[in-house]
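Undergrad: The structure file my_file_9.txt (compact mmCIF, N, CA, C and O atoms) is provided below.
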# COMPACT_ATOMS: atom_id res chain seq x y z
N MET A 1 38.93 -20.55 -51.36
CA MET A 1 38.97 -21.12 -50.06
C MET A 1 38.92 -20.04 -48.98
O MET A 1 38.32 -20.24 -47.93
N GLU A 2 39.55 -18.92 -49.26
CA GLU A 2 39.56 -17.83 -48.31
C GLU A 2 38.15 -17.26 -48.14
O GLU A 2 37.78 -16.81 -47.05
N PHE A 3 37.34 -17.29 -49.21
CA PHE A 3 35.96 -16.81 -49.13
C PHE A 3 35.16 -17.61 -48.11
O PHE A 3 34.39 -17.05 -47.33
N ILE A 4 35.34 -18.92 -48.11
CA ILE A 4 34.61 -19.78 -47.18
C ILE A 4 35.06 -19.48 -45.74
O ILE A 4 34.23 -19.40 -44.81
N ALA A 5 36.35 -19.28 -45.54
CA ALA A 5 36.85 -18.97 -44.20
C ALA A 5 36.30 -17.62 -43.73
O ALA A 5 35.89 -17.49 -42.56
N ASN A 6 36.27 -16.63 -44.62
CA ASN A 6 35.70 -15.32 -44.27
C ASN A 6 34.21 -15.43 -43.96
O ASN A 6 33.70 -14.76 -43.05
N PHE A 7 33.52 -16.27 -44.71
CA PHE A 7 32.09 -16.46 -44.50
C PHE A 7 31.82 -17.03 -43.10
O PHE A 7 30.98 -16.54 -42.36
N PHE A 8 32.57 -18.09 -42.73
CA PHE A 8 32.37 -18.69 -41.41
C PHE A 8 32.86 -17.77 -40.29
O PHE A 8 32.29 -17.77 -39.19
N ASP A 9 33.87 -16.97 -40.56
CA ASP A 9 34.31 -15.98 -39.58
C ASP A 9 33.22 -14.93 -39.34
O ASP A 9 32.98 -14.51 -38.20
N ALA A 10 32.56 -14.52 -40.41
CA ALA A 10 31.48 -13.54 -40.28
C ALA A 10 30.31 -14.14 -39.50
O ALA A 10 29.71 -13.46 -38.64
N ILE A 11 29.97 -15.38 -39.78
CA ILE A 11 28.89 -16.04 -39.04
C ILE A 11 29.27 -16.17 -37.56
O ILE A 11 28.46 -15.92 -36.67
N TRP A 12 30.52 -16.56 -37.28
CA TRP A 12 30.98 -16.70 -35.90
C TRP A 12 30.96 -15.35 -35.17
O TRP A 12 30.54 -15.26 -34.02
N ALA A 13 31.36 -14.29 -35.85
CA ALA A 13 31.33 -12.95 -35.26
C ALA A 13 29.90 -12.53 -34.97
O ALA A 13 29.61 -11.92 -33.92
N PHE A 14 28.99 -12.86 -35.89
CA PHE A 14 27.57 -12.55 -35.67
C PHE A 14 27.04 -13.30 -34.44
O PHE A 14 26.36 -12.72 -33.59
N LEU A 15 27.36 -14.59 -34.35
CA LEU A 15 26.89 -15.38 -33.22
C LEU A 15 27.50 -14.92 -31.90
O LEU A 15 26.85 -15.01 -30.84
N GLU A 16 28.72 -14.42 -31.93
CA GLU A 16 29.33 -13.88 -30.72
C GLU A 16 28.68 -12.55 -30.32
O GLU A 16 28.66 -12.19 -29.14
N ALA A 17 28.15 -11.80 -31.28
CA ALA A 17 27.54 -10.49 -31.00
C ALA A 17 26.10 -10.62 -30.51
O ALA A 17 25.56 -9.67 -29.92
N VAL A 18 25.46 -11.77 -30.72
CA VAL A 18 24.06 -11.94 -30.33
C VAL A 18 23.86 -11.76 -28.83
O VAL A 18 22.95 -11.03 -28.41
N PRO A 19 24.66 -12.37 -27.94
CA PRO A 19 24.43 -12.16 -26.51
C PRO A 19 24.58 -10.69 -26.09
O PRO A 19 23.82 -10.20 -25.24
N THR A 20 25.51 -9.98 -26.67
CA THR A 20 25.70 -8.56 -26.37
C THR A 20 24.47 -7.77 -26.81
O THR A 20 23.99 -6.89 -26.09
N PHE A 21 23.96 -8.10 -28.00
CA PHE A 21 22.76 -7.43 -28.50
C PHE A 21 21.56 -7.70 -27.58
O PHE A 21 20.81 -6.79 -27.25
N ILE A 22 21.40 -8.95 -27.16
CA ILE A 22 20.29 -9.30 -26.27
C ILE A 22 20.44 -8.57 -24.94
O ILE A 22 19.45 -8.04 -24.39
N ASN A 23 21.65 -8.51 -24.42
CA ASN A 23 21.89 -7.79 -23.17
C ASN A 23 21.54 -6.31 -23.31
O ASN A 23 20.87 -5.74 -22.45
N ASP A 24 22.00 -5.69 -24.39
CA ASP A 24 21.71 -4.27 -24.62
C ASP A 24 20.20 -4.04 -24.77
O ASP A 24 19.65 -3.07 -24.24
N ALA A 25 19.53 -4.93 -25.49
CA ALA A 25 18.09 -4.80 -25.68
C ALA A 25 17.35 -4.94 -24.36
O ALA A 25 16.41 -4.19 -24.07
N MET A 26 17.76 -5.88 -23.51
CA MET A 26 17.11 -6.06 -22.22
C MET A 26 17.34 -4.86 -21.31
O MET A 26 16.45 -4.46 -20.56
N VAL A 27 18.53 -4.27 -21.37
CA VAL A 27 18.80 -3.06 -20.58
C VAL A 27 17.88 -1.93 -21.02
O VAL A 27 17.28 -1.24 -20.18
N LYS A 28 17.73 -1.73 -22.32
CA LYS A 28 16.86 -0.67 -22.84
C LYS A 28 15.40 -0.93 -22.45
O LYS A 28 14.70 -0.03 -22.00
N LEU A 29 14.93 -2.16 -22.62
CA LEU A 29 13.55 -2.49 -22.26
C LEU A 29 13.31 -2.31 -20.76
O LEU A 29 12.26 -1.81 -20.35
N SER A 30 14.27 -2.70 -19.96
CA SER A 30 14.13 -2.53 -18.51
C SER A 30 14.09 -1.06 -18.14
O SER A 30 13.32 -0.65 -17.27
N ALA A 31 14.91 -0.26 -18.78
CA ALA A 31 14.92 1.18 -18.50
C ALA A 31 13.58 1.81 -18.88
O ALA A 31 13.03 2.61 -18.13
N TRP A 32 13.05 1.44 -20.04
CA TRP A 32 11.74 1.96 -20.45
C TRP A 32 10.66 1.52 -19.48
O TRP A 32 9.77 2.29 -19.15
N TYR A 33 10.72 0.28 -18.99
CA TYR A 33 9.74 -0.22 -18.04
C TYR A 33 9.82 0.56 -16.72
O TYR A 33 8.79 0.95 -16.17
N VAL A 34 11.03 0.80 -16.23
CA VAL A 34 11.19 1.53 -14.97
C VAL A 34 10.66 2.96 -15.11
O VAL A 34 9.98 3.47 -14.22
N ILE A 35 10.95 3.59 -16.23
CA ILE A 35 10.46 4.95 -16.47
C ILE A 35 8.93 4.95 -16.55
O ILE A 35 8.27 5.81 -15.98
N TRP A 36 8.35 3.98 -17.23
CA TRP A 36 6.90 3.88 -17.35
C TRP A 36 6.25 3.67 -15.98
O TRP A 36 5.25 4.32 -15.66
N VAL A 37 6.81 2.78 -15.18
CA VAL A 37 6.25 2.53 -13.85
C VAL A 37 6.35 3.78 -12.98
O VAL A 37 5.41 4.11 -12.24
N THR A 38 7.46 4.50 -13.07
CA THR A 38 7.63 5.72 -12.28
C THR A 38 6.60 6.77 -12.70
O THR A 38 5.98 7.41 -11.84
N LYS A 39 6.41 6.95 -14.00
CA LYS A 39 5.40 7.91 -14.47
C LYS A 39 4.00 7.48 -14.05
O LYS A 39 3.17 8.32 -13.69
N ALA A 40 3.72 6.18 -14.08
CA ALA A 40 2.40 5.69 -13.66
C ALA A 40 2.18 5.95 -12.18
O ALA A 40 1.09 6.35 -11.77
N LYS A 41 3.20 5.73 -11.37
CA LYS A 41 3.07 5.99 -9.93
C LYS A 41 2.84 7.48 -9.66
O LYS A 41 2.04 7.84 -8.80
N ILE A 42 3.53 8.33 -10.38
CA ILE A 42 3.33 9.77 -10.22
C ILE A 42 1.90 10.14 -10.59
O ILE A 42 1.24 10.93 -9.89
N TYR A 43 1.39 9.57 -11.67
CA TYR A 43 0.02 9.85 -12.09
C TYR A 43 -0.97 9.36 -11.02
O TYR A 43 -1.91 10.07 -10.67
N PHE A 44 -0.74 8.16 -10.49
CA PHE A 44 -1.68 7.61 -9.52
C PHE A 44 -1.62 8.34 -8.18
O PHE A 44 -2.62 8.36 -7.45
N VAL A 45 -0.50 8.94 -7.83
CA VAL A 45 -0.46 9.77 -6.62
C VAL A 45 -1.36 10.98 -6.82
O VAL A 45 -2.12 11.36 -5.92
N GLY A 46 -1.29 11.60 -7.98
CA GLY A 46 -2.19 12.72 -8.29
C GLY A 46 -3.65 12.30 -8.29
O GLY A 46 -4.52 13.00 -7.76
N PHE A 47 -3.93 11.13 -8.85
CA PHE A 47 -5.29 10.61 -8.87
C PHE A 47 -5.78 10.33 -7.45
O PHE A 47 -6.91 10.66 -7.08
N ALA A 48 -4.91 9.72 -6.62
CA ALA A 48 -5.28 9.42 -5.23
C ALA A 48 -5.53 10.72 -4.46
O ALA A 48 -6.42 10.77 -3.61
N TRP A 49 -4.75 11.75 -4.75
CA TRP A 49 -4.98 13.03 -4.08
C TRP A 49 -6.34 13.59 -4.47
O TRP A 49 -7.06 14.12 -3.63
N ASP A 50 -6.71 13.50 -5.75
CA ASP A 50 -8.03 13.97 -6.17
C ASP A 50 -9.15 13.21 -5.45
O ASP A 50 -10.14 13.81 -5.02
N VAL A 51 -9.00 11.90 -5.33
CA VAL A 51 -9.99 11.09 -4.62
C VAL A 51 -10.03 11.49 -3.15
O VAL A 51 -11.11 11.65 -2.55
N ALA A 52 -8.87 11.65 -2.53
CA ALA A 52 -8.81 12.03 -1.11
C ALA A 52 -9.44 13.41 -0.89
O ALA A 52 -10.15 13.62 0.10
N HIS A 53 -9.22 14.32 -1.82
CA HIS A 53 -9.81 15.65 -1.71
C HIS A 53 -11.33 15.55 -1.78
O HIS A 53 -12.04 16.22 -1.02
N GLU A 54 -11.84 14.72 -2.65
CA GLU A 54 -13.28 14.53 -2.76
C GLU A 54 -13.85 13.88 -1.49
O GLU A 54 -14.92 14.25 -1.03
N VAL A 55 -13.11 12.92 -0.92
CA VAL A 55 -13.55 12.31 0.34
C VAL A 55 -13.60 13.36 1.44
O VAL A 55 -14.55 13.39 2.24
N LEU A 56 -12.59 14.22 1.52
CA LEU A 56 -12.60 15.30 2.52
C LEU A 56 -13.81 16.20 2.34
O LEU A 56 -14.45 16.61 3.32
N ASN A 57 -14.15 16.51 1.09
CA ASN A 57 -15.30 17.37 0.83
C ASN A 57 -16.60 16.66 1.19
O ASN A 57 -17.51 17.27 1.75
N GLN A 58 -16.71 15.38 0.86
CA GLN A 58 -17.94 14.64 1.13
C GLN A 58 -18.18 14.45 2.62
O GLN A 58 -19.31 14.47 3.09
N LEU A 59 -17.12 14.20 3.39
CA LEU A 59 -17.26 13.98 4.82
C LEU A 59 -17.29 15.26 5.63
O LEU A 59 -17.50 15.22 6.84
N ASN A 60 -17.04 16.39 4.99
CA ASN A 60 -17.02 17.71 5.63
C ASN A 60 -16.06 17.73 6.81
O ASN A 60 -16.36 18.29 7.87
N ILE A 61 -14.91 17.13 6.63
CA ILE A 61 -13.90 17.11 7.69
C ILE A 61 -13.34 18.51 7.92
O ILE A 61 -13.12 18.91 9.07
N SER A 62 -13.16 19.26 6.87
CA SER A 62 -12.62 20.61 7.01
C SER A 62 -13.57 21.49 7.83
O SER A 62 -13.13 22.28 8.66
N GLY A 63 -14.86 21.36 7.59
CA GLY A 63 -15.83 22.14 8.35
C GLY A 63 -15.82 21.78 9.83
O GLY A 63 -15.90 22.66 10.71
N THR A 64 -15.69 20.50 10.12
CA THR A 64 -15.63 20.06 11.51
C THR A 64 -14.36 20.57 12.19
O THR A 64 -14.41 21.05 13.34
N ILE A 65 -13.25 20.49 11.50
CA ILE A 65 -11.99 20.99 12.06
C ILE A 65 -12.08 22.50 12.31
O ILE A 65 -11.68 22.99 13.36
N ASN A 66 -12.64 23.24 11.35
CA ASN A 66 -12.78 24.69 11.52
C ASN A 66 -13.71 25.02 12.69
O ASN A 66 -13.48 26.00 13.42
N GLN A 67 -14.74 24.22 12.88
CA GLN A 67 -15.66 24.44 14.00
C GLN A 67 -14.92 24.28 15.33
O GLN A 67 -15.07 25.11 16.23
N TYR A 68 -14.13 23.22 15.45
CA TYR A 68 -13.39 23.01 16.70
C TYR A 68 -12.26 24.03 16.88
O TYR A 68 -11.97 24.44 18.01
N TRP A 69 -11.63 24.45 15.78
CA TRP A 69 -10.58 25.47 15.90
C TRP A 69 -11.18 26.79 16.36
O TRP A 69 -10.54 27.58 17.04
N GLY A 70 -12.43 27.05 15.95
CA GLY A 70 -13.08 28.30 16.34
C GLY A 70 -13.38 28.38 17.82
O GLY A 70 -13.54 29.46 18.38
N SER A 71 -13.46 27.21 18.48
CA SER A 71 -13.79 27.22 19.90
C SER A 71 -12.55 27.33 20.80
O SER A 71 -12.68 27.40 22.01
N ILE A 72 -11.37 27.40 20.22
CA ILE A 72 -10.14 27.52 21.00
C ILE A 72 -9.94 28.97 21.42
O ILE A 72 -10.28 29.90 20.68
N ASP A 73 -9.38 29.16 22.60
CA ASP A 73 -9.10 30.50 23.14
C ASP A 73 -8.22 31.28 22.17
O ASP A 73 -7.35 30.73 21.49
N SER A 74 -8.44 32.60 22.10
CA SER A 74 -7.74 33.43 21.11
C SER A 74 -6.23 33.48 21.36
O SER A 74 -5.44 33.54 20.42
N LYS A 75 -5.79 33.48 22.62
CA LYS A 75 -4.35 33.51 22.90
C LYS A 75 -3.69 32.20 22.47
O LYS A 75 -2.61 32.21 21.88
N VAL A 76 -4.34 31.11 22.77
CA VAL A 76 -3.81 29.81 22.35
C VAL A 76 -3.82 29.71 20.83
O VAL A 76 -2.86 29.24 20.21
N MET A 77 -4.89 30.19 20.21
CA MET A 77 -4.98 30.16 18.74
C MET A 77 -3.88 31.02 18.12
O MET A 77 -3.31 30.65 17.10
N GLY A 78 -3.57 32.15 18.75
CA GLY A 78 -2.48 33.00 18.25
C GLY A 78 -1.15 32.28 18.29
O GLY A 78 -0.36 32.36 17.34
N ALA A 79 -0.89 31.56 19.38
CA ALA A 79 0.37 30.81 19.48
C ALA A 79 0.41 29.67 18.47
O ALA A 79 1.44 29.43 17.83
N LEU A 80 -0.71 28.97 18.33
CA LEU A 80 -0.77 27.86 17.36
C LEU A 80 -0.59 28.37 15.94
O LEU A 80 0.09 27.74 15.13
N THR A 81 -1.19 29.50 15.64
CA THR A 81 -1.07 30.08 14.31
C THR A 81 0.35 30.58 14.06
O THR A 81 0.88 30.46 12.95
N TYR A 82 0.98 31.14 15.10
CA TYR A 82 2.36 31.61 14.97
C TYR A 82 3.30 30.46 14.59
O TYR A 82 4.18 30.62 13.76
N PHE A 83 3.09 29.31 15.21
CA PHE A 83 3.93 28.14 14.91
C PHE A 83 3.40 27.33 13.72
O PHE A 83 3.91 26.25 13.43
N ARG A 84 2.37 27.83 13.08
CA ARG A 84 1.78 27.23 11.88
C ARG A 84 1.31 25.79 12.11
O ARG A 84 1.43 24.94 11.25
N ILE A 85 0.79 25.54 13.29
CA ILE A 85 0.27 24.23 13.64
C ILE A 85 -0.92 23.84 12.76
O ILE A 85 -0.99 22.69 12.30
N PRO A 86 -1.88 24.75 12.48
CA PRO A 86 -2.99 24.35 11.61
C PRO A 86 -2.53 23.89 10.22
O PRO A 86 -3.06 22.93 9.67
N ASP A 87 -1.54 24.57 9.66
CA ASP A 87 -1.02 24.17 8.34
C ASP A 87 -0.37 22.79 8.41
O ASP A 87 -0.55 21.96 7.51
N ALA A 88 0.39 22.57 9.48
CA ALA A 88 1.05 21.26 9.63
C ALA A 88 0.02 20.14 9.79
O ALA A 88 0.16 19.07 9.17
N LEU A 89 -1.01 20.38 10.58
CA LEU A 89 -2.05 19.37 10.75
C LEU A 89 -2.81 19.12 9.45
O LEU A 89 -3.18 17.98 9.15
N ASN A 90 -3.01 20.16 8.67
CA ASN A 90 -3.68 20.01 7.37
C ASN A 90 -2.84 19.14 6.44
O ASN A 90 -3.37 18.25 5.76
N ILE A 91 -1.54 19.38 6.40
CA ILE A 91 -0.65 18.59 5.54
C ILE A 91 -0.65 17.14 6.00
O ILE A 91 -0.72 16.21 5.18
N ILE A 92 -0.57 16.92 7.32
CA ILE A 92 -0.55 15.55 7.83
C ILE A 92 -1.87 14.83 7.52
O ILE A 92 -1.87 13.67 7.09
N LEU A 93 -3.00 15.51 7.72
CA LEU A 93 -4.30 14.91 7.42
C LEU A 93 -4.42 14.54 5.95
O LEU A 93 -4.85 13.44 5.61
N ASN A 94 -4.03 15.47 5.08
CA ASN A 94 -4.10 15.20 3.64
C ASN A 94 -3.18 14.06 3.23
O ASN A 94 -3.55 13.22 2.41
N ALA A 95 -1.99 14.02 3.82
CA ALA A 95 -1.04 12.95 3.48
C ALA A 95 -1.56 11.59 3.92
O ALA A 95 -1.47 10.61 3.17
N HIS A 96 -2.10 11.52 5.12
CA HIS A 96 -2.62 10.23 5.60
C HIS A 96 -3.83 9.78 4.79
O HIS A 96 -3.96 8.59 4.47
N LEU A 97 -4.70 10.70 4.45
CA LEU A 97 -5.86 10.33 3.65
C LEU A 97 -5.45 9.90 2.25
O LEU A 97 -5.98 8.92 1.71
N THR A 98 -4.48 10.58 1.65
CA THR A 98 -3.99 10.18 0.33
C THR A 98 -3.34 8.80 0.40
O THR A 98 -3.55 7.97 -0.48
N ARG A 99 -2.57 8.55 1.44
CA ARG A 99 -1.95 7.22 1.62
C ARG A 99 -3.02 6.15 1.78
O ARG A 99 -2.90 5.06 1.22
N TYR A 100 -4.07 6.45 2.53
CA TYR A 100 -5.16 5.49 2.71
C TYR A 100 -5.83 5.19 1.37
O TYR A 100 -6.09 4.03 1.05
N VAL A 101 -6.10 6.24 0.59
CA VAL A 101 -6.75 6.03 -0.72
C VAL A 101 -5.85 5.21 -1.63
O VAL A 101 -6.33 4.33 -2.34
N MET A 102 -4.53 5.49 -1.60
CA MET A 102 -3.61 4.70 -2.44
C MET A 102 -3.60 3.25 -2.00
O MET A 102 -3.51 2.35 -2.83
N GLY A 103 -3.72 2.98 -0.71
CA GLY A 103 -3.79 1.61 -0.23
C GLY A 103 -5.07 0.91 -0.67
O GLY A 103 -5.07 -0.27 -1.00
N VAL A 104 -6.18 1.66 -0.70
CA VAL A 104 -7.45 1.08 -1.15
C VAL A 104 -7.41 0.81 -2.65
O VAL A 104 -7.89 -0.23 -3.10
N LEU A 105 -6.82 1.70 -3.41
CA LEU A 105 -6.76 1.53 -4.86
C LEU A 105 -5.74 0.50 -5.31
O LEU A 105 -5.76 0.07 -6.44
N LYS A 106 -4.87 0.11 -4.41
CA LYS A 106 -3.82 -0.85 -4.75
C LYS A 106 -4.39 -2.17 -5.03
O LYS A 106 -4.73 -2.98 -5.46
Now, as a test, write the supplied structure out as structure tokens.

TA:
Amino acid sequence: MEFIANFFDAIWAFLEAVPTFINDAMVKLSAWYVIWVTKAKIYFVGFAWDVAHEVLNQLNISGTINQYWGSIDSKVMGALTYFRIPDALNIILNAHLTRYVMGVLK
């Protein structure tokens, strides 16, 4: 008789453990999904940057910017270069173009 009681106790313990197992499995699957999505987003940012770089090369935006920068007075250009304004504008231009490409690819 004790064997039957132990048997049903084991079944009841198993059934009580099922929700915990399902919860743990869902947490693990969700964590793997979040990690996968994060890695995919990192990859697509790199891909979008490559596309944006190619767009910059095709449109010759850098050449146009260099042409206009060359026409600025040397004293003004010295001050702008001292404050690293050309570098800042380059970063802003690249960031906006990469954001635009990511929006198009979305």

Undergrad: Name the residues in contact with segment 56-59 of chain A at a cut-off of 10 Å, using only C-alpha atoms, excluding same-chain residues fewer than 6 positions from it; report them as a PyMOL selection string.

TA: chain A and resi 50+93-94+97

Undergrad: Can you measure atom N of Phe44 of chain A to atom O of Ser62 of chain A for me? One decimal in Å is fine.

TA: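 For atom N of Phe44 of chain A relative to atom O of Ser62 of chain A, the distance reads 26.8 Å.
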
Undergrad: Calculated over only C-alpha atoms, which of the candidates A:Leu89, A:Ala79, A:Ala17, A:Val101 has the smallest distance to Ile65 of chain A?

TA: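 The answer is A:Leu89, which sits nearest to Ile65 of chain A.
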
Undergrad: Just to confirm, what's the straight-line distance from atom N of Ser30 of chain A to atom O of Val18 of chain A in Å (one decimal)?

TA: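 Spanning atom N of Ser30 of chain A to atom O of Val18 of chain A is a straight-line distance of 14.7 Å.
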
Undergrad: Between atom CA of Pro19 of chain A and atom CA of Glu2 of chain A, measure the distance and give it in Å to one decimal.

TA: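 For atom CA of Pro19 of chain A relative to atom CA of Glu2 of chain A, the distance reads 27.1 Å.
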
Undergrad: Could you list as a list of chain:residue names every residue that has an atom within 8 Å of (-6.1, 5.4, -1.5), using the file's coordinates and counting all atoms listed in the file?

TA: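 It turns out the residues near that spot are A:Phe44, A:Phe47, A:Ala48, A:Trp49, A:Val51, A:Ala52, A:His96, A:Leu97, A:Thr98, A:Arg99, A:Tyr100, A:Val101, A:Met102, A:Gly103, A:Val104, A:Leu105, A:Lys106.
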
Undergrad: Provide segment 53-63 of chain A rebuilt to all heavy atoms, formatted as an mmCIF file, in the coordinates of the input.

TA:
data_model
loop_
_atom_site.group_PDB
_atom_site.id
_atom_site.type_symbol
_atom_site.label_atom_id
_atom_site.label_comp_id
_atom_site.auth_asym_id
_atom_site.auth_seq_id
_atom_site.Cartn_x
_atom_site.Cartn_y
_atom_site.Cartn_z
ATOM 1 N N HIS A 53 -9.220 14.320 -1.820
ATOM 2 C CA HIS A 53 -9.810 15.650 -1.710
ATOM 3 C C HIS A 53 -11.330 15.550 -1.780
ATOM 4 O O HIS A 53 -12.040 16.220 -1.020
ATOM 5 C CB HIS A 53 -9.267 16.547 -2.831
ATOM 6 C CG HIS A 53 -9.655 17.966 -2.683
ATOM 7 N ND1 HIS A 53 -10.755 18.499 -3.276
ATOM 8 C CD2 HIS A 53 -9.081 18.971 -1.975
ATOM 9 C CE1 HIS A 53 -10.853 19.765 -2.967
ATOM 10 N NE2 HIS A 53 -9.842 20.083 -2.173
ATOM 11 N N GLU A 54 -11.840 14.720 -2.650
ATOM 12 C CA GLU A 54 -13.280 14.530 -2.760
ATOM 13 C C GLU A 54 -13.850 13.880 -1.490
ATOM 14 O O GLU A 54 -14.920 14.250 -1.030
ATOM 15 C CB GLU A 54 -13.622 13.680 -3.987
ATOM 16 C CG GLU A 54 -15.098 13.533 -4.240
ATOM 17 C CD GLU A 54 -15.805 14.852 -4.510
ATOM 18 O OE1 GLU A 54 -15.165 15.776 -5.042
ATOM 19 O OE2 GLU A 54 -17.002 14.952 -4.178
ATOM 20 N N VAL A 55 -13.110 12.920 -0.920
ATOM 21 C CA VAL A 55 -13.550 12.310 0.340
ATOM 22 C C VAL A 55 -13.600 13.360 1.440
ATOM 23 O O VAL A 55 -14.550 13.390 2.240
ATOM 24 C CB VAL A 55 -12.615 11.137 0.726
ATOM 25 C CG1 VAL A 55 -12.863 10.673 2.150
ATOM 26 C CG2 VAL A 55 -12.791 9.983 -0.244
ATOM 27 N N LEU A 56 -12.590 14.220 1.520
ATOM 28 C CA LEU A 56 -12.600 15.300 2.520
ATOM 29 C C LEU A 56 -13.810 16.200 2.340
ATOM 30 O O LEU A 56 -14.450 16.610 3.320
ATOM 31 C CB LEU A 56 -11.317 16.117 2.428
ATOM 32 C CG LEU A 56 -10.064 15.515 3.040
ATOM 33 C CD1 LEU A 56 -8.853 16.373 2.705
ATOM 34 C CD2 LEU A 56 -10.207 15.367 4.528
ATOM 35 N N ASN A 57 -14.150 16.510 1.090
ATOM 36 C CA ASN A 57 -15.300 17.370 0.830
ATOM 37 C C ASN A 57 -16.600 16.660 1.190
ATOM 38 O O ASN A 57 -17.510 17.270 1.750
ATOM 39 C CB ASN A 57 -15.334 17.814 -0.620
ATOM 40 C CG ASN A 57 -14.260 18.837 -0.921
ATOM 41 O OD1 ASN A 57 -13.768 19.510 -0.030
ATOM 42 N ND2 ASN A 57 -13.880 18.938 -2.188
ATOM 43 N N GLN A 58 -16.710 15.380 0.860
ATOM 44 C CA GLN A 58 -17.940 14.640 1.130
ATOM 45 C C GLN A 58 -18.180 14.450 2.620
ATOM 46 O O GLN A 58 -19.310 14.470 3.090
ATOM 47 C CB GLN A 58 -17.910 13.273 0.439
ATOM 48 C CG GLN A 58 -17.977 13.338 -1.066
ATOM 49 C CD GLN A 58 -19.343 13.800 -1.555
ATOM 50 O OE1 GLN A 58 -20.354 13.491 -0.960
ATOM 51 N NE2 GLN A 58 -19.348 14.560 -2.638
ATOM 52 N N LEU A 59 -17.120 14.200 3.390
ATOM 53 C CA LEU A 59 -17.260 13.980 4.820
ATOM 54 C C LEU A 59 -17.290 15.260 5.630
ATOM 55 O O LEU A 59 -17.500 15.220 6.840
ATOM 56 C CB LEU A 59 -16.122 13.072 5.321
ATOM 57 C CG LEU A 59 -16.107 11.654 4.759
ATOM 58 C CD1 LEU A 59 -14.896 10.900 5.289
ATOM 59 C CD2 LEU A 59 -17.387 10.920 5.108
ATOM 60 N N ASN A 60 -17.040 16.390 4.990
ATOM 61 C CA ASN A 60 -17.020 17.710 5.630
ATOM 62 C C ASN A 60 -16.060 17.730 6.810
ATOM 63 O O ASN A 60 -16.360 18.290 7.870
ATOM 64 C CB ASN A 60 -18.433 18.133 6.056
ATOM 65 C CG ASN A 60 -18.501 19.609 6.352
ATOM 66 O OD1 ASN A 60 -17.660 20.377 5.900
ATOM 67 N ND2 ASN A 60 -19.502 20.004 7.118
ATOM 68 N N ILE A 61 -14.910 17.130 6.630
ATOM 69 C CA ILE A 61 -13.900 17.110 7.690
ATOM 70 C C ILE A 61 -13.340 18.510 7.920
ATOM 71 O O ILE A 61 -13.120 18.910 9.070
ATOM 72 C CB ILE A 61 -12.786 16.098 7.351
ATOM 73 C CG1 ILE A 61 -13.357 14.685 7.383
ATOM 74 C CG2 ILE A 61 -11.617 16.223 8.309
ATOM 75 C CD1 ILE A 61 -12.403 13.615 6.939
ATOM 76 N N SER A 62 -13.160 19.260 6.870
ATOM 77 C CA SER A 62 -12.620 20.610 7.010
ATOM 78 C C SER A 62 -13.570 21.490 7.830
ATOM 79 O O SER A 62 -13.130 22.280 8.660
ATOM 80 C CB SER A 62 -12.391 21.240 5.643
ATOM 81 O OG SER A 62 -11.429 20.512 4.922
ATOM 82 N N GLY A 63 -14.860 21.360 7.590
ATOM 83 C CA GLY A 63 -15.830 22.140 8.350
ATOM 84 C C GLY A 63 -15.820 21.780 9.830
ATOM 85 O O GLY A 63 -15.900 22.660 10.710
#
